[in-house]
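Student: Got a structure for you, written out below as structure tokens; questions coming shortly.
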Amino acid sequence: MNKKLTIIALGGNALLKSGQIGSIEEQNLNVRETLKSLLPVIKQGNDLIITHGNGPQVGYILLKNDAGEQVYGIPQVPLDVAVADTQSEIGYLIQSELFSLLHQNNLEREIISTNTMVEVAADDPAFKNPTKRIGKTYYDAKEVEKLQNEKGWIFKQETKDGKTGWRRVVPSPKPKDIISKNTINTLARSGAIVIAVGGGGVPVTIEGDTMHGAEAVIDKDLASALLAEQIHADRFIIVTDVPYVYLNYGTAQQKAIEILTLDDAVNYLKEGKFGEGNMAPKIQAAVNFIESGGKEVLITDLNGINNQKGTKIIKNSY
């Protein structure tokens, strides 16, 4: 059998759904249902890497940071450590639920969860223009002034659901290198199911022979695409909460796309046809993978993984 290597990037809805409080019980149930959708892919016997988001989980850690510091004087952990924390937590949840699912279906596969570091450039322009919202939903003006003075945090004002407040923002630099890509590749091609690049990976910079954690977050889909590129994956699937990519999403002109060529994807990105904080990073990740030599990217929801329905991004039209 000529096995193919598939990378599946799971969106945040695979772990936590809108309106949920984020308990471990909720996350276990969500992970269990998500993995059932992946079961036919696993049964094909091909090599598999699973990547995942971590936005809500990092947000909870930052809330605990605030509470621990204010009530008990416990020093806050930096953002790179918070990302590493969530990689281990979510990796464990996926690994344990997948273990049960495989054994219930008489499947024998090793499963390994990796704490993946991802290099970013110290001079990435994103460090001078933080845009990624994290942590507490809103701060008031008094809190903002205090935290700006004490911690040097940066905030942006926003209005959502009729409420106006301040959100903390951090840099979201581009992934430059997946530090442990060769080990991940070796494990996956040996038949183990590998969980990697959680939350976009732990952001680090490298100066000479020294590694430093970065106070930043990396887009999960861009990091997953880079991994797919660097280890020459055969298939790259991005799982989100909608079955297709849509032009003019949420408007009267909304239109589902089944086939999207590389040229059209690039042009639509330039024209701002996709939401910057939602679909645009996924399309950019697909473009990066195709431009690096990848053949096809599928963007879909959980139901579309097995029937191969969704939006296919390809280099040339059929």
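Residues in the structure tokens are named by chain (A, B, ... in the order shown) and by number from 1 within that chain; ligands are numbered from 1 in the order shown.
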So that I can check the surroundings of A:Asp301, please list as number ranges by chain every protein, DNA and RNA residue that reaches within 12 Å of it, counting only C-alpha atoms and ignoring chain neighbours fewer than 2 positions away.
Tutor: A: 8-14, 34, 37-38, 237-245, 298-299, 303-311
Student: Can I get the selected residues back with C-alpha atoms, as a compact mmCIF listing (two decimals), in the first residue's frame?
Tutor:
```txt
# COMPACT_ATOMS: atom_id res chain seq x y z
CA ILE A 8 -6.02 17.77 9.42
CA ALA A 9 -6.24 21.16 11.12
CA LEU A 10 -9.14 21.21 13.58
CA GLY A 11 -10.87 24.50 14.32
CA GLY A 12 -11.79 25.77 17.77
CA ASN A 13 -15.36 24.43 17.48
CA ALA A 14 -13.92 20.91 17.58
CA THR A 34 -14.99 15.31 16.41
CA SER A 37 -15.79 12.18 12.09
CA LEU A 38 -12.12 11.36 11.51
CA ILE A 237 -7.57 19.57 5.29
CA ILE A 238 -8.73 22.62 7.25
CA VAL A 239 -11.81 21.93 9.37
CA THR A 240 -14.01 24.85 10.33
CA ASP A 241 -17.65 25.39 11.34
CA VAL A 242 -19.03 26.00 7.84
CA PRO A 243 -19.22 23.46 4.97
CA TYR A 244 -17.78 25.79 2.32
CA VAL A 245 -15.79 28.95 1.81
CA LEU A 298 -9.90 21.03 1.36
CA ILE A 299 -11.70 23.54 3.61
CA ASN A 303 -19.31 16.31 7.88
CA GLY A 304 -17.40 17.13 4.71
CA ILE A 305 -14.14 15.37 5.62
CA ASN A 306 -15.17 11.91 4.51
CA ASN A 307 -17.39 12.72 1.55
CA GLN A 308 -14.79 15.22 0.35
CA LYS A 309 -17.39 17.96 0.11
CA GLY A 310 -16.33 21.51 0.78
CA THR A 311 -14.15 24.06 -0.94
```
Student: Which polymer residues have any atom within 12 Å of an atom of A:Ala216, counting only C-alpha atoms, with same-chain residues fewer than 5 positions away left out, as a ChimeraX atom specification?
Tutor: /A:58,78-83,118-122,124,126-134,153,168-175,199-205
Student: Write a file of the just-selected residues containing N, CA and C atoms, as an mmCIF file, in the first residue's frame.
Tutor:
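Printed below is again08.cif as written:
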```cif
data_model
loop_
_atom_site.group_PDB
_atom_site.id
_atom_site.type_symbol
_atom_site.label_atom_id
_atom_site.label_comp_id
_atom_site.auth_asym_id
_atom_site.auth_seq_id
_atom_site.Cartn_x
_atom_site.Cartn_y
_atom_site.Cartn_z
ATOM 1 N N VAL A 58 -6.352 29.272 25.960
ATOM 2 C CA VAL A 58 -5.384 30.303 26.338
ATOM 3 C C VAL A 58 -6.086 31.440 27.066
ATOM 4 N N PRO A 78 4.123 33.946 31.094
ATOM 5 C CA PRO A 78 4.140 34.610 29.790
ATOM 6 C C PRO A 78 3.319 33.837 28.765
ATOM 7 N N LEU A 79 3.021 34.502 27.673
ATOM 8 C CA LEU A 79 2.107 33.941 26.688
ATOM 9 C C LEU A 79 2.646 32.668 26.054
ATOM 10 N N ASP A 80 3.954 32.588 25.803
ATOM 11 C CA ASP A 80 4.497 31.375 25.193
ATOM 12 C C ASP A 80 4.321 30.168 26.110
ATOM 13 N N VAL A 81 4.435 30.390 27.425
ATOM 14 C CA VAL A 81 4.228 29.296 28.375
ATOM 15 C C VAL A 81 2.755 28.902 28.413
ATOM 16 N N ALA A 82 1.859 29.891 28.305
ATOM 17 C CA ALA A 82 0.418 29.589 28.263
ATOM 18 C C ALA A 82 0.083 28.740 27.042
ATOM 19 N N VAL A 83 0.702 29.040 25.901
ATOM 20 C CA VAL A 83 0.471 28.246 24.690
ATOM 21 C C VAL A 83 0.982 26.818 24.893
ATOM 22 N N VAL A 118 7.578 26.744 17.350
ATOM 23 C CA VAL A 118 7.589 27.294 15.996
ATOM 24 C C VAL A 118 8.374 28.603 16.004
ATOM 25 N N GLU A 119 9.380 28.671 15.152
ATOM 26 C CA GLU A 119 10.208 29.878 15.099
ATOM 27 C C GLU A 119 9.499 30.994 14.344
ATOM 28 N N VAL A 120 9.590 32.196 14.895
ATOM 29 C CA VAL A 120 9.147 33.405 14.217
ATOM 30 C C VAL A 120 10.334 34.369 14.169
ATOM 31 N N ALA A 121 10.287 35.296 13.237
ATOM 32 C CA ALA A 121 11.377 36.263 13.096
ATOM 33 C C ALA A 121 11.242 37.361 14.147
ATOM 34 N N ALA A 122 12.340 37.671 14.813
ATOM 35 C CA ALA A 122 12.316 38.712 15.836
ATOM 36 C C ALA A 122 11.951 40.072 15.260
ATOM 37 N N ASP A 124 9.808 40.486 12.738
ATOM 38 C CA ASP A 124 8.534 40.416 12.020
ATOM 39 C C ASP A 124 7.738 41.700 12.286
ATOM 40 N N ALA A 126 4.774 42.246 12.610
ATOM 41 C CA ALA A 126 3.647 42.060 13.523
ATOM 42 C C ALA A 126 3.976 42.513 14.938
ATOM 43 N N PHE A 127 5.255 42.444 15.326
ATOM 44 C CA PHE A 127 5.624 42.848 16.686
ATOM 45 C C PHE A 127 5.443 44.355 16.898
ATOM 46 N N LYS A 128 5.417 45.110 15.820
ATOM 47 C CA LYS A 128 5.189 46.554 15.927
ATOM 48 C C LYS A 128 3.730 46.923 15.697
ATOM 49 N N ASN A 129 2.917 45.948 15.316
ATOM 50 C CA ASN A 129 1.507 46.205 15.055
ATOM 51 C C ASN A 129 0.656 45.046 15.574
ATOM 52 N N PRO A 130 0.515 44.921 16.901
ATOM 53 C CA PRO A 130 -0.276 43.820 17.470
ATOM 54 C C PRO A 130 -1.744 43.934 17.067
ATOM 55 N N THR A 131 -2.326 42.820 16.659
ATOM 56 C CA THR A 131 -3.724 42.830 16.213
ATOM 57 C C THR A 131 -4.557 41.692 16.792
ATOM 58 N N LYS A 132 -3.920 40.665 17.347
ATOM 59 C CA LYS A 132 -4.644 39.478 17.801
ATOM 60 C C LYS A 132 -5.236 39.707 19.185
ATOM 61 N N ARG A 133 -6.562 39.633 19.290
ATOM 62 C CA ARG A 133 -7.241 39.853 20.565
ATOM 63 C C ARG A 133 -7.177 38.601 21.413
ATOM 64 N N ILE A 134 -6.842 38.775 22.690
ATOM 65 C CA ILE A 134 -6.721 37.624 23.584
ATOM 66 C C ILE A 134 -7.258 37.991 24.963
ATOM 67 N N TRP A 153 1.076 46.460 28.244
ATOM 68 C CA TRP A 153 0.129 45.800 27.352
ATOM 69 C C TRP A 153 -0.470 46.810 26.376
ATOM 70 N N ARG A 168 -7.246 43.367 24.967
ATOM 71 C CA ARG A 168 -5.786 43.275 24.852
ATOM 72 C C ARG A 168 -5.443 42.657 23.506
ATOM 73 N N VAL A 169 -4.423 43.187 22.846
ATOM 74 C CA VAL A 169 -3.969 42.642 21.573
ATOM 75 C C VAL A 169 -2.487 42.307 21.662
ATOM 76 N N VAL A 170 -2.093 41.261 20.955
ATOM 77 C CA VAL A 170 -0.697 40.820 20.927
ATOM 78 C C VAL A 170 -0.285 40.576 19.481
ATOM 79 N N PRO A 171 1.001 40.501 19.215
ATOM 80 C CA PRO A 171 1.463 40.234 17.844
ATOM 81 C C PRO A 171 1.091 38.829 17.386
ATOM 82 N N SER A 172 0.867 38.706 16.076
ATOM 83 C CA SER A 172 0.635 37.397 15.464
ATOM 84 C C SER A 172 1.595 37.251 14.280
ATOM 85 N N PRO A 173 2.870 36.978 14.566
ATOM 86 C CA PRO A 173 3.874 36.893 13.490
ATOM 87 C C PRO A 173 3.694 35.653 12.636
ATOM 88 N N LYS A 174 4.276 35.695 11.452
ATOM 89 C CA LYS A 174 4.206 34.560 10.541
ATOM 90 C C LYS A 174 5.133 33.438 11.012
ATOM 91 N N PRO A 175 4.696 32.196 10.898
ATOM 92 C CA PRO A 175 5.582 31.075 11.249
ATOM 93 C C PRO A 175 6.731 30.978 10.249
ATOM 94 N N GLY A 199 -2.430 25.161 18.558
ATOM 95 C CA GLY A 199 -2.535 26.605 18.719
ATOM 96 C C GLY A 199 -1.553 27.390 17.878
ATOM 97 N N GLY A 200 -1.037 26.772 16.820
ATOM 98 C CA GLY A 200 -0.033 27.435 15.989
ATOM 99 C C GLY A 200 1.387 27.202 16.469
ATOM 100 N N GLY A 201 1.535 26.489 17.577
ATOM 101 C CA GLY A 201 2.863 26.210 18.112
ATOM 102 C C GLY A 201 3.296 27.250 19.126
ATOM 103 N N VAL A 202 4.263 26.870 19.970
ATOM 104 C CA VAL A 202 4.826 27.804 20.938
ATOM 105 C C VAL A 202 5.739 28.772 20.183
ATOM 106 N N PRO A 203 5.452 30.081 20.206
ATOM 107 C CA PRO A 203 6.256 31.022 19.425
ATOM 108 C C PRO A 203 7.616 31.283 20.055
ATOM 109 N N VAL A 204 8.667 31.100 19.278
ATOM 110 C CA VAL A 204 10.021 31.341 19.770
ATOM 111 C C VAL A 204 10.827 32.098 18.718
ATOM 112 N N THR A 205 11.791 32.850 19.179
ATOM 113 C CA THR A 205 12.773 33.459 18.285
ATOM 114 C C THR A 205 14.127 32.834 18.586
#
```
Student: Show me, as a list in words, the residues that have an atom within 8 Å of stretch 95-108 of chain A when counting only C-alpha atoms, minus same-chain residues fewer than 6 positions from it.
Tutor: Asn28, Val31, Arg32, Leu35, Lys36, Lys43 and Ile195 of chain A
Student: Interatomic distance between atom CA of A:Ile90 and atom CA of A:Ile112?
Tutor: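 Going from atom CA of A:Ile90 over to atom CA of A:Ile112, I get 12.2 Å.
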Student: What is the distance, in Å and to one decimal place, between atom CA of A:Leu302 and atom CA of A:Lys17?
Tutor: 13.5 Å
